[in-house]
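Below you'll find the structure, written out as structure tokens, and then a few comments.
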Amino acid sequence: MIRIASKTAVAAVLVLACGCAGADEGPSAPGTFPSESYATLLSDGGELSITVWTAPEQPPPRGEIAVKLAVADAASGAPVAGLALDVVPWMPVMGHGTSVVPTVTSDGKGTYLIEHVNLFMPGRWELRTHFKDDVDDRASPIFDVP
Amino acid sequence: MWTTVRRRSSTFLSAAAVLGLVSMHATPARAQACCAATGVVTPARLGIDDQALVGGQARVGAIVGSYDHRGNYVGAASGTTEVDAEQDAFAAARFLPRAQLSMLVPFVQTYRSTGTGSEAGGGLGDLNAGVRYDFTWVGARRYVPGIAALGGLTIPSGRPPEAASNPLATDATGSGFVQVTAGLALEESFGPWLFDVTGIVAFRPARSARGVEDAPGPQVALLGAVTYTLENGAGIAVVASYTLEGDVSIDGRTAPDTARRVALLTLAGLYPLPRRLRLQGSVFGNPPAQKLGKNSPVGLGAVLGLVRPWS
């Protein structure tokens with residue numbers, strides 16, 4: 001408790017002193033993904049099976065993370081490549097998203113890497129994902145951030 | 001206004017309510033019995049003999065953990081810190097013998113540290129206006145308590161998280177939601193003791209951001225307070241509040257496990273100063289007992305303020 005109080009006092013002084021400051025250190029690059037997945041879920045329309053990994057930790061910590069999605073056809077299990085993904089981190093309980101817009105890259109084999117996912121508050125977050133082009137489906141992996 | 005922006009406001013605003021409560025109760029004679037839950041809508045509340053007031057207060061609080069969707073308390077992860085500060089300027093005026101209008105202008109700052117960075121930011125928060133109408137005065141009739149209707153409007157003048165510039169959104173200063181509140185306050189006094197029970201409902205229309213339409217569930221808050229006034233005009237109060245909020249609806253569909261529960265305990269005090277100034281302060285916190293909260297941060301903090309009323 002004493003440690004929390006002293007930390008709070010120092011941070012309070014920082015807050016009051018700087019008022020409207022910018023970031024004092026940039027986020028570091030997320031680490032590599034673990035071999036075991038975080039979750040597997042079906043898309044809302046049932047067309048896609050989506051396997052989820054997070055880095056640098058799993059389950060994800062507070063702060064900037066990266067998310068890997070392996071997208072497969074729910075019926076055949078075949079990877080689904082060439083999709084366009086719209087990704088929005090959203091905190092439903094608090095009713096807001098993030099200031100940082102995630103970036104999405106693909107390996108062309110049905111795996112999609114989503115970077116700059118900034119889960120800056122503790123609580124439940126959704127990664128609201130819209131899969132487009134060859135399909136039109138959505139999925140929202142859930143992360144409980146401590 | 002007891003729910004908020006970065007939701008931490010639920011904590012801060014209830015604390016503010018206590019400030020108002022104590023400050024009003026500690027004024028002399030008739031006014032002693034006239035004032036609970038004042039800040040439910042805003043921290044500024046006029047006593048029976050007051051025509052206007054201005055004031056300011058500063059708050060600081062830290063987030064030490066959170067309740068998950070099952071109501072389990074989870075301590076803040078190692079290496080993470082969040083400190084919230086706020087300075088409020090407020091004023092109130094009586095426009096009818098039984099009706100008063102108040103306004104609050106908040107300035108908000110946040111410091112956040114995570115495993116990937118730390119930063120601070122701030123700015124103007126969400127403006128709030130409130131009205132109060134006293135149907136009966138506490139102490140005026142022996143068996144009739146003071147009964148008052150409360151109303152409030154919060155305007156999203158602050159910056160919502162999606163519009164923030166800082167990566168950890170520390171320069172987010174508002175919720176993005178309009179909020180309308182209505183409430184009923186009952187007060188009764190026994191000698192130096194004042195008892196208050198207040199119920200409030202809040203509605204926030206849906207808002208859209210980043211292509212997501214988010215409609216918060218309706219919110220109900222109950223607040224109970226006991227205030228003791230000393231002979232020199234100083235006062236001390238203990239306040240407990242409990243807020244319940246329904247599931248959120250996102251893009252027209254109910255999102256499961258998104259209902260919220262927030263418990264808050266506050267100890268507040270007031271000390272009269274020369275020239276009718278009042279020094280007010282409080283400490284507040286969300287008790288970290290299992291199942292007491294749900295989907296809400298757990299924090300503790302303190303408030304210090306100064307108020308000048310005119311009769």
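Residue numbers start at 1 in each chain; chains themselves are named A, B, ... in the order of the structure tokens; ligands are numbered from 1 in the order shown.
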
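Using only C-alpha atoms, the part of chain B that sits within 6 Å of chain A is made up of Ala77, Tyr111, Thr114, Thr116, Gly117, Glu119, Ala120, Gly121, Gly122, Pro161, Glu162, Ala163, Ala164, Pro167, Leu168, Asp214 and Thr258 of chain B.
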
Inset, instruction - Would you list the contacts of Gln280 (chain B) as a ChimeraX atom specification, taking every protein, DNA or RNA residue within 6 Å and counting only C-alpha atoms, but skipping same-chain residues closer than 2 positions in sequence? - result: /B:269-270,304-305

Export of prior selection with all heavy atoms as an mmCIF file, in the first residue's frame:
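Output saved as part_14.cif:
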data_model
loop_
_atom_site.group_PDB
_atom_site.id
_atom_site.type_symbol
_atom_site.label_atom_id
_atom_site.label_comp_id
_atom_site.auth_asym_id
_atom_site.auth_seq_id
_atom_site.Cartn_x
_atom_site.Cartn_y
_atom_site.Cartn_z
ATOM 1 N N GLY B 269 -15.105 15.734 4.903
ATOM 2 C CA GLY B 269 -15.136 16.697 5.991
ATOM 3 C C GLY B 269 -15.156 18.120 5.469
ATOM 4 O O GLY B 269 -14.824 18.380 4.312
ATOM 5 N N LEU B 270 -15.593 19.024 6.349
ATOM 6 C CA LEU B 270 -15.657 20.446 5.993
ATOM 7 C C LEU B 270 -15.189 21.274 7.177
ATOM 8 O O LEU B 270 -15.449 20.936 8.333
ATOM 9 C CB LEU B 270 -17.096 20.816 5.640
ATOM 10 C CG LEU B 270 -17.410 22.297 5.435
ATOM 11 C CD1 LEU B 270 -18.490 22.450 4.388
ATOM 12 C CD2 LEU B 270 -17.835 22.951 6.748
ATOM 13 N N LEU B 304 -9.880 17.962 -2.550
ATOM 14 C CA LEU B 304 -9.772 19.140 -1.701
ATOM 15 C C LEU B 304 -10.377 20.320 -2.451
ATOM 16 O O LEU B 304 -10.050 20.543 -3.621
ATOM 17 C CB LEU B 304 -8.300 19.432 -1.366
ATOM 18 C CG LEU B 304 -8.058 20.470 -0.280
ATOM 19 C CD1 LEU B 304 -8.615 19.995 1.062
ATOM 20 C CD2 LEU B 304 -6.567 20.756 -0.141
ATOM 21 N N GLY B 305 -11.269 21.047 -1.772
ATOM 22 C CA GLY B 305 -11.956 22.126 -2.467
ATOM 23 C C GLY B 305 -12.227 23.322 -1.586
ATOM 24 O O GLY B 305 -12.093 23.273 -0.352
#

Legend entry - Surrounding residues of Gly217 (chain B) excluding itself and chain neighbours under 6 positions, 9 Å, only C-alpha atoms, as an NGL selection string: :B and (203-204 or 245-249 or 258-259)

Save out the residues we just selected, C-alpha atoms, as a tab-separated table (two decimals), in the first residue's frame.
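Just written: part.tsv:
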chain	number	residue	atom	x	y	z
B	203	PHE	CA	-29.58	7.56	-19.69
B	204	ARG	CA	-26.96	7.89	-22.39
B	245	GLU	CA	-25.86	-0.55	-15.09
B	246	GLY	CA	-27.43	-2.86	-17.66
B	247	ASP	CA	-25.74	-4.65	-20.53
B	248	VAL	CA	-24.36	-2.59	-23.38
B	249	SER	CA	-25.88	-2.86	-26.85
B	258	THR	CA	-21.16	-6.09	-19.98
B	259	ALA	CA	-23.37	-5.06	-17.05

Inset, instruction - Give me every strand (DSSP E) residue in region 220-258 of chain B, going by DSSP on the backbone, as a PyMOL selection string. - result: chain B and resi 220-229+235-245+249-250+253-254

Could you write out the selected residues, including N, CA, C and O atoms, as a CSV table (one decimal), in the first residue's frame?
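Okay, again_16.csv is ready:
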chain,number,residue,atom,x,y,z
B,220,VAL,N,-28.7,2.9,-12.7
B,220,VAL,CA,-29.4,3.3,-11.5
B,220,VAL,C,-28.4,3.4,-10.4
B,220,VAL,O,-27.5,2.5,-10.2
B,221,ALA,N,-28.5,4.5,-9.6
B,221,ALA,CA,-27.5,4.6,-8.5
B,221,ALA,C,-28.3,5.0,-7.2
B,221,ALA,O,-29.2,5.7,-7.2
B,222,LEU,N,-27.9,4.3,-6.1
B,222,LEU,CA,-28.4,4.6,-4.8
B,222,LEU,C,-27.3,5.1,-3.9
B,222,LEU,O,-26.2,4.6,-3.9
B,223,LEU,N,-27.6,6.2,-3.2
B,223,LEU,CA,-26.6,6.8,-2.3
B,223,LEU,C,-27.2,7.0,-0.9
B,223,LEU,O,-28.3,7.5,-0.8
B,224,GLY,N,-26.5,6.6,0.1
B,224,GLY,CA,-26.9,6.9,1.4
B,224,GLY,C,-25.8,7.6,2.2
B,224,GLY,O,-24.6,7.3,2.0
B,225,ALA,N,-26.2,8.6,3.0
B,225,ALA,CA,-25.2,9.4,3.7
B,225,ALA,C,-25.6,9.7,5.1
B,225,ALA,O,-26.8,9.9,5.3
B,226,VAL,N,-24.6,9.8,5.9
B,226,VAL,CA,-24.9,10.2,7.3
B,226,VAL,C,-23.9,11.4,7.6
B,226,VAL,O,-22.7,11.2,7.4
B,227,THR,N,-24.4,12.5,8.0
B,227,THR,CA,-23.5,13.6,8.3
B,227,THR,C,-23.7,14.1,9.8
B,227,THR,O,-24.8,14.1,10.3
B,228,TYR,N,-22.6,14.4,10.4
B,228,TYR,CA,-22.6,15.0,11.7
B,228,TYR,C,-21.9,16.3,11.7
B,228,TYR,O,-20.9,16.5,11.2
B,229,THR,N,-22.7,17.3,12.3
B,229,THR,CA,-22.2,18.7,12.3
B,229,THR,C,-21.7,19.1,13.7
B,229,THR,O,-22.5,18.9,14.7
B,235,GLY,N,-18.0,19.8,9.7
B,235,GLY,CA,-18.9,18.7,9.5
B,235,GLY,C,-18.1,17.5,9.0
B,235,GLY,O,-17.0,17.6,8.4
B,236,ILE,N,-18.7,16.3,9.2
B,236,ILE,CA,-18.0,15.1,8.7
B,236,ILE,C,-19.1,14.1,8.2
B,236,ILE,O,-20.2,14.1,8.8
B,237,ALA,N,-18.9,13.5,7.1
B,237,ALA,CA,-19.9,12.6,6.6
B,237,ALA,C,-19.3,11.3,6.1
B,237,ALA,O,-18.2,11.2,5.7
B,238,VAL,N,-20.1,10.3,6.2
B,238,VAL,CA,-19.8,9.0,5.6
B,238,VAL,C,-20.9,8.7,4.5
B,238,VAL,O,-22.1,8.8,4.8
B,239,VAL,N,-20.4,8.3,3.4
B,239,VAL,CA,-21.3,8.1,2.3
B,239,VAL,C,-21.0,6.8,1.6
B,239,VAL,O,-19.9,6.4,1.4
B,240,ALA,N,-22.1,6.0,1.3
B,240,ALA,CA,-21.9,4.8,0.5
B,240,ALA,C,-22.9,4.9,-0.7
B,240,ALA,O,-24.0,5.3,-0.6
B,241,SER,N,-22.3,4.5,-1.8
B,241,SER,CA,-23.2,4.5,-3.0
B,241,SER,C,-23.0,3.2,-3.8
B,241,SER,O,-21.9,2.6,-3.7
B,242,TYR,N,-24.0,2.8,-4.5
B,242,TYR,CA,-23.9,1.6,-5.3
B,242,TYR,C,-24.6,1.9,-6.6
B,242,TYR,O,-25.8,2.3,-6.7
B,243,THR,N,-23.9,1.6,-7.7
B,243,THR,CA,-24.4,1.9,-9.0
B,243,THR,C,-24.6,0.6,-9.8
B,243,THR,O,-23.7,-0.3,-9.8
B,244,LEU,N,-25.7,0.5,-10.5
B,244,LEU,CA,-26.0,-0.7,-11.3
B,244,LEU,C,-26.3,-0.2,-12.7
B,244,LEU,O,-27.0,0.7,-12.9
B,245,GLU,N,-25.7,-0.9,-13.7
B,245,GLU,CA,-25.9,-0.6,-15.1
B,245,GLU,C,-26.1,-1.8,-15.9
B,245,GLU,O,-25.5,-2.8,-15.7
B,249,SER,N,-25.4,-2.4,-25.5
B,249,SER,CA,-25.9,-2.9,-26.8
B,249,SER,C,-24.9,-2.3,-27.9
B,249,SER,O,-24.7,-1.1,-28.0
B,250,ILE,N,-24.4,-3.2,-28.7
B,250,ILE,CA,-23.4,-2.8,-29.7
B,250,ILE,C,-23.9,-3.2,-31.1
B,250,ILE,O,-24.3,-4.3,-31.3
B,253,ARG,N,-27.1,-5.1,-31.0
B,253,ARG,CA,-27.1,-6.4,-30.4
B,253,ARG,C,-26.6,-6.3,-28.9
B,253,ARG,O,-25.6,-5.7,-28.7
B,254,THR,N,-27.3,-7.0,-28.0
B,254,THR,CA,-26.9,-6.9,-26.6
B,254,THR,C,-25.6,-7.7,-26.5
B,254,THR,O,-25.4,-8.8,-26.9

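For the pair CA of Ala185 (chain B) and CA of Leu150 (chain B), the separation is 7.4 Å.
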